[in-house]
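Participant: One structure coming up, written as structure tokens, with questions to follow.
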Amino acid sequence: MATFVLVHGSWGGGWVWDRLRPLLESAGHTVLTPTLTGLAERHGLSSPDVGLGVHSREIAELLESEGVENAILVGHSYGGMVITGAAALAADRVGQVVYVDAFAPVTGESAFTMLPWLEKAFADAPGPAEWEVAPLDPGLLGADDEGAAWLASRLTPMSRFTHEEPLGPGSEEVLASRAVTYLYCADQALFTDIAASAEKRGFRVVALPDVTHVDLLTSPHILERELLNLV
């Protein structure tokens with residue numbers, strides 16, 4: 001049986017996987033759904049210097065502390081930045097890497113450099129502290145009314161540095177020797193260019209029709225199918 005490590009995206013927490021986790025567990029797999037520092041129930045730990053490096057290290061440390069081997073790292077949206085960094089830090093514990101409509105950076109790239117429009121969107125969404133960003137409306141990312149309400153009720157502000165900090169070195173070598181899958185929402189332009197870059201890098205790329213960026217969280221059966229196909 002596999003061990004899935006599901007890493008959430010911006011403003012979320014381990015709770016975003018509440019609908020997917022039992023589906024994978026019912027198939028006999030182990031599922032870890034950590035909350036990144038500074039978000040959700042850990043929002044009290046948020047600070048200006050909480051960024052990609054902090055988040056990448058804590059996922060790598062989770063793999064070590066839990067004794068995980070051959071982990072299937074899964075990252076949604078900003079979570080793709082995090083699993084890339086974690087793979088470089090804990091290569092011996094990573095079996096597969098799965099990007100779910102997510103950032104798939106190379107050394108030196110940040111979320112802002114990969115999606116330049118995002119920096120302005122963040123500037124237009126100030127959080128309670130000057131270094132934080134308030135959650136964007138899930139409805140703008142394709143959520144239906146029920147899904148938008150479920151997400152919006154629990155999203156928390158996050159440090160802007162998470163999207164400013166560039167990826168450190170080492171991930172390209174690791175990913176070149178692992179099975180890497182890139183899933184993207186074909187009918188939404190959000191990560192289309194990044195999916196094209198992923199294909200050029202030799203990743204297995206799967207286009208998901210008729211599903212939005214947040215549908216993957218609120219209606220998880222498509223993602224369940226794709227992940228179970230990996231094992």
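Identifiers in this document derive from the order of the structure tokens: chains are assigned A, B, ..., residues are numbered from 1 separately in each chain, and ligands are numbered from 1 in order of occurrence.
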Hey, which bits of range 9-95 of chain A sit within 9 Å of range 109-125 of chain A, and for each residue what's the closest pair of atoms and how far apart in Å (one decimal), counting only C-alpha atoms, rows by chain and increasing number, as a tab-separated table?
Facilitator:
residue	atom	partner	partner_atom	distance
A:Leu52	CA	A:Ser110	CA	8.7
A:Tyr78	CA	A:Ala111	CA	7.4
A:Met81	CA	A:Ala111	CA	7.4
Participant: Selection from above, C-alpha atoms, as a compact mmCIF listing (two decimals), in the first residue's frame, can you write it?
Facilitator:
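After the write, part.txt holds the following:
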# COMPACT_ATOMS: atom_id res chain seq x y z
CA LEU A 52 8.77 28.43 0.73
CA TYR A 78 1.09 26.56 -4.13
CA MET A 81 6.19 24.74 -4.89
Participant: Excluding range 207-215 of chain A and residues on its chain fewer than 5 positions from it, collect all residues at most 7 Å away from it, counting only C-alpha atoms, and give them as a compact mmCIF listing (two decimals) with C-alpha atoms, in the first residue's frame.
Facilitator:
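New file result_2.txt:
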# COMPACT_ATOMS: atom_id res chain seq x y z
CA ASP A 101 -3.05 22.12 -11.11
CA LEU A 141 -11.37 29.97 -9.15
CA GLY A 142 -14.43 28.05 -10.26
CA ALA A 143 -16.07 26.89 -7.05
CA LEU A 183 -2.58 17.02 -13.64
CA TYR A 184 -4.18 20.21 -14.85
CA CYS A 185 -7.64 21.61 -15.46
CA ALA A 186 -7.87 21.76 -19.24
CA ASP A 187 -10.83 24.14 -19.38
CA GLN A 188 -9.25 26.72 -17.08
Participant: May I have the residues within 9 Å of Glu69 in chain A as an MDAnalysis selection string, using only C-alpha atoms and disregarding those fewer than 5 positions away in the same chain?
Facilitator: chainID A and resid 3 63:64 92:95
Participant: Rank nothing, just name the residue among A:Pro105, A:Pro138, A:Gly170, A:Pro157 nearest to Thr218 in chain A, using only C-alpha atoms.
Facilitator: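 Going through A:Pro105, A:Pro138, A:Gly170, A:Pro157 one by one, the smallest distance to Thr218 in chain A is for A:Pro138.
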Participant: Enumerate as a tab-separated table (two decimals) with N, CA, C and O atoms, in the first residue's frame all residues of range 10-220 of chain A assigned to helix (DSSP H, G or I) by DSSP on the backbone, naming them with the chain letters and numbers the document uses.
Facilitator:
chain	number	residue	atom	x	y	z
A	14	GLY	N	-4.49	21.39	6.14
A	14	GLY	CA	-4.70	19.97	5.92
A	14	GLY	C	-6.17	19.63	5.72
A	14	GLY	O	-6.51	18.63	5.08
A	15	TRP	N	-7.05	20.48	6.22
A	15	TRP	CA	-8.48	20.24	6.13
A	15	TRP	C	-9.01	20.23	4.70
A	15	TRP	O	-10.08	19.66	4.44
A	16	VAL	N	-8.28	20.84	3.73
A	16	VAL	CA	-8.81	20.88	2.37
A	16	VAL	C	-8.92	19.48	1.77
A	16	VAL	O	-9.63	19.28	0.78
A	17	TRP	N	-8.22	18.52	2.39
A	17	TRP	CA	-8.25	17.15	1.90
A	17	TRP	C	-9.28	16.29	2.63
A	17	TRP	O	-9.29	15.07	2.46
A	21	ARG	N	-9.27	12.43	1.56
A	21	ARG	CA	-8.52	11.52	2.42
A	21	ARG	C	-9.25	10.20	2.71
A	21	ARG	O	-8.65	9.12	2.54
A	22	PRO	N	-10.53	10.21	3.11
A	22	PRO	CA	-11.18	8.93	3.39
A	22	PRO	C	-11.32	8.03	2.17
A	22	PRO	O	-11.37	6.79	2.31
A	23	LEU	N	-11.37	8.61	0.99
A	23	LEU	CA	-11.46	7.80	-0.23
A	23	LEU	C	-10.18	7.02	-0.46
A	23	LEU	O	-10.22	5.83	-0.83
A	24	LEU	N	-9.05	7.64	-0.22
A	24	LEU	CA	-7.77	6.95	-0.37
A	24	LEU	C	-7.54	5.95	0.75
A	24	LEU	O	-7.03	4.84	0.54
A	25	GLU	N	-7.94	6.33	1.96
A	25	GLU	CA	-7.77	5.43	3.10
A	25	GLU	C	-8.65	4.20	2.96
A	25	GLU	O	-8.25	3.10	3.36
A	26	SER	N	-9.83	4.37	2.39
A	26	SER	CA	-10.73	3.21	2.23
A	26	SER	C	-10.17	2.20	1.23
A	26	SER	O	-10.55	1.04	1.23
A	40	ALA	N	-4.29	28.02	8.61
A	40	ALA	CA	-5.34	27.27	9.30
A	40	ALA	C	-5.09	27.27	10.82
A	40	ALA	O	-4.88	28.33	11.40
A	41	GLU	N	-5.08	26.09	11.44
A	41	GLU	CA	-4.92	26.03	12.88
A	41	GLU	C	-3.52	26.45	13.33
A	41	GLU	O	-3.28	26.65	14.53
A	42	ARG	N	-2.61	26.64	12.37
A	42	ARG	CA	-1.25	27.08	12.68
A	42	ARG	C	-1.03	28.54	12.25
A	42	ARG	O	0.11	28.98	12.13
A	43	HIS	N	-2.11	29.27	12.06
A	43	HIS	CA	-2.00	30.66	11.62
A	43	HIS	C	-1.29	31.53	12.65
A	43	HIS	O	-0.64	32.53	12.31
A	44	GLY	N	-1.38	31.15	13.91
A	44	GLY	CA	-0.70	31.91	14.96
A	44	GLY	C	0.81	31.91	14.81
A	44	GLY	O	1.49	32.75	15.42
A	45	LEU	N	1.35	31.01	13.99
A	45	LEU	CA	2.80	30.94	13.77
A	45	LEU	C	3.23	31.74	12.54
A	45	LEU	O	4.41	31.76	12.20
A	52	LEU	N	8.64	29.73	1.38
A	52	LEU	CA	8.77	28.43	0.73
A	52	LEU	C	9.81	27.55	1.41
A	52	LEU	O	9.61	26.34	1.55
A	53	GLY	N	10.92	28.14	1.83
A	53	GLY	CA	11.96	27.35	2.48
A	53	GLY	C	11.48	26.69	3.76
A	53	GLY	O	11.74	25.50	4.00
A	54	VAL	N	10.76	27.45	4.58
A	54	VAL	CA	10.20	26.89	5.82
A	54	VAL	C	9.25	25.74	5.50
A	54	VAL	O	9.32	24.66	6.11
A	55	HIS	N	8.38	25.94	4.54
A	55	HIS	CA	7.39	24.92	4.22
A	55	HIS	C	8.02	23.67	3.60
A	55	HIS	O	7.62	22.55	3.92
A	56	SER	N	9.00	23.86	2.74
A	56	SER	CA	9.68	22.71	2.14
A	56	SER	C	10.39	21.88	3.20
A	56	SER	O	10.31	20.64	3.20
A	57	ARG	N	11.05	22.56	4.13
A	57	ARG	CA	11.77	21.84	5.18
A	57	ARG	C	10.82	21.05	6.07
A	57	ARG	O	11.14	19.93	6.48
A	58	GLU	N	9.68	21.63	6.39
A	58	GLU	CA	8.81	20.92	7.32
A	58	GLU	C	8.18	19.68	6.67
A	58	GLU	O	7.93	18.68	7.36
A	59	ILE	N	7.96	19.70	5.35
A	59	ILE	CA	7.47	18.48	4.70
A	59	ILE	C	8.58	17.44	4.65
A	59	ILE	O	8.34	16.24	4.90
A	60	ALA	N	9.80	17.86	4.37
A	60	ALA	CA	10.93	16.93	4.39
A	60	ALA	C	11.11	16.33	5.78
A	60	ALA	O	11.35	15.12	5.94
A	61	GLU	N	10.96	17.15	6.82
A	61	GLU	CA	11.10	16.67	8.20
A	61	GLU	C	9.95	15.74	8.57
A	61	GLU	O	10.14	14.79	9.35
A	62	LEU	N	8.77	15.97	8.02
A	62	LEU	CA	7.64	15.07	8.27
A	62	LEU	C	7.93	13.68	7.71
A	62	LEU	O	7.67	12.67	8.38
A	63	LEU	N	8.46	13.62	6.52
A	63	LEU	CA	8.81	12.32	5.92
A	63	LEU	C	9.82	11.59	6.80
A	63	LEU	O	9.72	10.37	7.00
A	64	GLU	N	10.77	12.34	7.34
A	64	GLU	CA	11.79	11.74	8.20
A	64	GLU	C	11.19	11.27	9.52
A	64	GLU	O	11.41	10.12	9.95
A	65	SER	N	10.42	12.12	10.17
A	65	SER	CA	9.89	11.78	11.50
A	65	SER	C	8.87	10.64	11.44
A	65	SER	O	8.77	9.86	12.38
A	79	GLY	N	1.03	24.30	-3.23
A	79	GLY	CA	1.62	23.06	-2.72
A	79	GLY	C	2.62	22.45	-3.68
A	79	GLY	O	3.51	21.69	-3.26
A	80	GLY	N	2.50	22.76	-4.97
A	80	GLY	CA	3.48	22.28	-5.93
A	80	GLY	C	4.86	22.87	-5.69
A	80	GLY	O	5.89	22.20	-5.89
A	81	MET	N	4.91	24.13	-5.27
A	81	MET	CA	6.19	24.74	-4.89
A	81	MET	C	6.81	23.96	-3.73
A	81	MET	O	8.01	23.66	-3.73
A	82	VAL	N	5.97	23.64	-2.76
A	82	VAL	CA	6.45	23.02	-1.52
A	82	VAL	C	6.96	21.60	-1.76
A	82	VAL	O	8.03	21.22	-1.27
A	83	ILE	N	6.22	20.80	-2.52
A	83	ILE	CA	6.67	19.43	-2.74
A	83	ILE	C	7.94	19.39	-3.58
A	83	ILE	O	8.76	18.47	-3.43
A	84	THR	N	8.12	20.39	-4.44
A	84	THR	CA	9.35	20.43	-5.22
A	84	THR	C	10.55	20.67	-4.31
A	84	THR	O	11.57	19.98	-4.41
A	85	GLY	N	10.40	21.63	-3.40
A	85	GLY	CA	11.48	21.88	-2.45
A	85	GLY	C	11.72	20.70	-1.52
A	85	GLY	O	12.87	20.36	-1.22
A	86	ALA	N	10.64	20.07	-1.07
A	86	ALA	CA	10.77	18.92	-0.17
A	86	ALA	C	11.45	17.75	-0.85
A	86	ALA	O	12.23	17.02	-0.23
A	87	ALA	N	11.15	17.55	-2.13
A	87	ALA	CA	11.77	16.44	-2.86
A	87	ALA	C	13.28	16.59	-2.92
A	87	ALA	O	14.02	15.60	-2.84
A	88	ALA	N	13.76	17.82	-3.03
A	88	ALA	CA	15.20	18.06	-3.06
A	88	ALA	C	15.84	17.78	-1.71
A	88	ALA	O	16.99	17.32	-1.63
A	89	LEU	N	15.11	18.02	-0.64
A	89	LEU	CA	15.65	17.87	0.72
A	89	LEU	C	15.54	16.44	1.26
A	89	LEU	O	16.27	16.08	2.18
A	91	ALA	N	15.18	13.39	-0.83
A	91	ALA	CA	15.09	12.60	-2.05
A	91	ALA	C	14.97	11.10	-1.79
A	91	ALA	O	14.25	10.39	-2.49
A	92	ASP	N	15.66	10.62	-0.76
A	92	ASP	CA	15.67	9.18	-0.49
A	92	ASP	C	14.34	8.67	0.05
A	92	ASP	O	14.14	7.46	0.18
A	93	ARG	N	13.42	9.56	0.36
A	93	ARG	CA	12.11	9.16	0.89
A	93	ARG	C	10.97	9.40	-0.10
A	93	ARG	O	9.81	9.17	0.23
A	111	ALA	N	6.65	31.58	-7.08
A	111	ALA	CA	5.28	31.59	-7.60
A	111	ALA	C	5.01	32.87	-8.37
A	111	ALA	O	4.33	32.86	-9.41
A	112	PHE	N	5.53	33.99	-7.89
A	112	PHE	CA	5.31	35.27	-8.57
A	112	PHE	C	5.98	35.32	-9.95
A	112	PHE	O	5.43	35.92	-10.87
A	113	THR	N	7.16	34.72	-10.08
A	113	THR	CA	7.81	34.75	-11.40
A	113	THR	C	7.13	33.79	-12.37
A	113	THR	O	7.15	34.02	-13.58
A	114	MET	N	6.51	32.74	-11.86
A	114	MET	CA	5.85	31.78	-12.73
A	114	MET	C	4.50	32.29	-13.21
A	114	MET	O	4.10	32.03	-14.35
A	117	TRP	N	0.97	37.78	-12.98
A	117	TRP	CA	-0.24	38.51	-12.60
A	117	TRP	C	-0.59	38.32	-11.13
A	117	TRP	O	-1.32	39.11	-10.54
A	118	LEU	N	-0.04	37.26	-10.55
A	118	LEU	CA	-0.40	36.92	-9.17
A	118	LEU	C	0.08	37.97	-8.18
A	118	LEU	O	-0.58	38.24	-7.17
A	119	GLU	N	1.23	38.58	-8.47
A	119	GLU	CA	1.78	39.57	-7.54
A	119	GLU	C	0.84	40.76	-7.36
A	119	GLU	O	0.62	41.24	-6.24
A	120	LYS	N	0.25	41.21	-8.44
A	120	LYS	CA	-0.70	42.32	-8.34
A	120	LYS	C	-1.97	41.88	-7.61
A	120	LYS	O	-2.53	42.62	-6.80
A	121	ALA	N	-2.43	40.65	-7.91
A	121	ALA	CA	-3.62	40.13	-7.24
A	121	ALA	C	-3.40	40.08	-5.73
A	121	ALA	O	-4.30	40.40	-4.94
A	122	PHE	N	-2.19	39.71	-5.32
A	122	PHE	CA	-1.87	39.67	-3.89
A	122	PHE	C	-1.81	41.07	-3.31
A	122	PHE	O	-2.24	41.31	-2.18
A	123	ALA	N	-1.26	42.01	-4.08
A	123	ALA	CA	-1.17	43.39	-3.59
A	123	ALA	C	-2.55	43.99	-3.39
A	123	ALA	O	-2.75	44.85	-2.53
A	138	PRO	N	-12.91	31.99	-3.50
A	138	PRO	CA	-12.88	30.70	-4.20
A	138	PRO	C	-13.79	30.67	-5.43
A	138	PRO	O	-13.55	29.92	-6.38
A	139	GLY	N	-14.83	31.49	-5.42
A	139	GLY	CA	-15.71	31.54	-6.57
A	139	GLY	C	-15.01	32.01	-7.82
A	139	GLY	O	-15.37	31.61	-8.94
A	140	LEU	N	-13.97	32.83	-7.67
A	140	LEU	CA	-13.20	33.30	-8.81
A	140	LEU	C	-12.37	32.18	-9.43
A	140	LEU	O	-11.91	32.29	-10.57
A	141	LEU	N	-12.17	31.11	-8.68
A	141	LEU	CA	-11.37	29.97	-9.15
A	141	LEU	C	-12.25	28.80	-9.56
A	141	LEU	O	-11.77	27.68	-9.73
A	145	ASP	N	-21.45	27.39	-5.46
A	145	ASP	CA	-21.83	28.09	-4.23
A	145	ASP	C	-21.51	27.27	-2.98
A	145	ASP	O	-20.99	27.80	-1.99
A	146	GLU	N	-21.81	25.97	-3.03
A	146	GLU	CA	-21.55	25.11	-1.86
A	146	GLU	C	-20.06	24.98	-1.61
A	146	GLU	O	-19.60	25.10	-0.47
A	147	GLY	N	-19.31	24.75	-2.67
A	147	GLY	CA	-17.87	24.60	-2.52
A	147	GLY	C	-17.21	25.89	-2.06
A	147	GLY	O	-16.31	25.87	-1.22
A	148	ALA	N	-17.65	27.01	-2.61
A	148	ALA	CA	-17.09	28.30	-2.22
A	148	ALA	C	-17.35	28.59	-0.75
A	148	ALA	O	-16.47	29.09	-0.04
A	149	ALA	N	-18.54	28.26	-0.28
A	149	ALA	CA	-18.87	28.49	1.13
A	149	ALA	C	-18.02	27.61	2.03
A	149	ALA	O	-17.54	28.06	3.09
A	150	TRP	N	-17.83	26.35	1.66
A	150	TRP	CA	-17.03	25.42	2.46
A	150	TRP	C	-15.59	25.91	2.56
A	150	TRP	O	-15.00	25.92	3.65
A	151	LEU	N	-15.02	26.35	1.45
A	151	LEU	CA	-13.65	26.81	1.45
A	151	LEU	C	-13.50	28.14	2.18
A	151	LEU	O	-12.65	28.30	3.06
A	152	ALA	N	-14.34	29.10	1.82
A	152	ALA	CA	-14.21	30.45	2.36
A	152	ALA	C	-14.36	30.49	3.87
A	152	ALA	O	-13.76	31.33	4.55
A	161	PHE	N	5.60	36.19	1.65
A	161	PHE	CA	6.92	35.63	1.35
A	161	PHE	C	6.85	34.22	0.79
A	161	PHE	O	7.76	33.77	0.08
A	162	THR	N	5.78	33.51	1.07
A	162	THR	CA	5.62	32.16	0.52
A	162	THR	C	5.69	32.17	-1.00
A	162	THR	O	6.20	31.23	-1.63
A	163	HIS	N	5.16	33.23	-1.61
A	163	HIS	CA	5.12	33.33	-3.07
A	163	HIS	C	6.25	34.17	-3.64
A	163	HIS	O	6.49	34.14	-4.84
A	164	GLU	N	6.94	34.88	-2.78
A	164	GLU	CA	8.08	35.69	-3.21
A	164	GLU	C	9.38	34.88	-3.21
A	164	GLU	O	10.27	35.12	-4.05
A	171	SER	N	16.28	20.19	-6.94
A	171	SER	CA	15.06	19.44	-7.28
A	171	SER	C	15.12	18.83	-8.68
A	171	SER	O	14.56	17.75	-8.91
A	172	GLU	N	15.78	19.49	-9.62
A	172	GLU	CA	15.77	18.98	-10.99
A	172	GLU	C	16.37	17.58	-11.08
A	172	GLU	O	15.84	16.71	-11.79
A	173	GLU	N	17.46	17.37	-10.36
A	173	GLU	CA	18.10	16.05	-10.39
A	173	GLU	C	17.19	14.98	-9.81
A	173	GLU	O	17.12	13.85	-10.31
A	174	VAL	N	16.50	15.32	-8.74
A	174	VAL	CA	15.60	14.35	-8.10
A	174	VAL	C	14.44	14.02	-9.01
A	174	VAL	O	14.11	12.84	-9.24
A	175	LEU	N	13.79	15.03	-9.57
A	175	LEU	CA	12.62	14.80	-10.40
A	175	LEU	C	12.97	14.04	-11.67
A	175	LEU	O	12.13	13.29	-12.20
A	176	ALA	N	14.18	14.20	-12.16
A	176	ALA	CA	14.60	13.50	-13.36
A	176	ALA	C	14.68	12.00	-13.15
A	176	ALA	O	14.63	11.22	-14.12
A	192	THR	N	-2.23	26.38	-17.46
A	192	THR	CA	-2.02	25.77	-18.78
A	192	THR	C	-0.57	25.91	-19.24
A	192	THR	O	0.02	24.95	-19.76
A	193	ASP	N	0.01	27.09	-19.09
A	193	ASP	CA	1.39	27.29	-19.53
A	193	ASP	C	2.37	26.46	-18.71
A	193	ASP	O	3.36	25.94	-19.23
A	194	ILE	N	2.09	26.33	-17.43
A	194	ILE	CA	2.98	25.53	-16.58
A	194	ILE	C	2.85	24.05	-16.95
A	194	ILE	O	3.85	23.31	-16.95
A	195	ALA	N	1.66	23.62	-17.32
A	195	ALA	CA	1.48	22.24	-17.78
A	195	ALA	C	2.29	22.00	-19.06
A	195	ALA	O	2.90	20.93	-19.23
A	196	ALA	N	2.30	22.97	-19.96
A	196	ALA	CA	3.08	22.83	-21.20
A	196	ALA	C	4.57	22.73	-20.89
A	196	ALA	O	5.29	21.92	-21.51
A	197	SER	N	5.04	23.52	-19.93
A	197	SER	CA	6.45	23.44	-19.52
A	197	SER	C	6.76	22.09	-18.89
A	197	SER	O	7.84	21.52	-19.11
A	198	ALA	N	5.80	21.58	-18.12
A	198	ALA	CA	5.99	20.28	-17.48
A	198	ALA	C	6.13	19.18	-18.53
A	198	ALA	O	6.96	18.26	-18.39
A	199	GLU	N	5.36	19.28	-19.59
A	199	GLU	CA	5.45	18.28	-20.66
A	199	GLU	C	6.81	18.33	-21.34
A	199	GLU	O	7.41	17.29	-21.65
A	200	LYS	N	7.34	19.52	-21.54
A	200	LYS	CA	8.67	19.67	-22.14
A	200	LYS	C	9.75	19.09	-21.24
A	200	LYS	O	10.80	18.65	-21.73
A	215	ASP	N	-12.60	22.56	-7.84
A	215	ASP	CA	-13.39	21.33	-7.91
A	215	ASP	C	-12.58	20.13	-7.45
A	215	ASP	O	-13.12	19.15	-6.91
A	216	LEU	N	-11.28	20.19	-7.67
A	216	LEU	CA	-10.41	19.07	-7.29
A	216	LEU	C	-10.42	18.84	-5.79
A	216	LEU	O	-10.10	17.74	-5.32
A	217	LEU	N	-10.78	19.87	-5.02
A	217	LEU	CA	-10.89	19.74	-3.57
A	217	LEU	C	-12.32	19.45	-3.15
A	217	LEU	O	-12.56	18.60	-2.28
A	218	THR	N	-13.27	20.14	-3.76
A	218	THR	CA	-14.66	20.04	-3.31
A	218	THR	C	-15.35	18.80	-3.86
A	218	THR	O	-16.28	18.27	-3.23
Participant: So which one's closest to Glu224 in chain A, A:Leu136, A:Leu39, A:Leu6, A:Val205? Using only C-alpha atoms, please.
Facilitator: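 Residue with the minimum atom-to-atom distance to Glu224 in chain A: A:Leu6.
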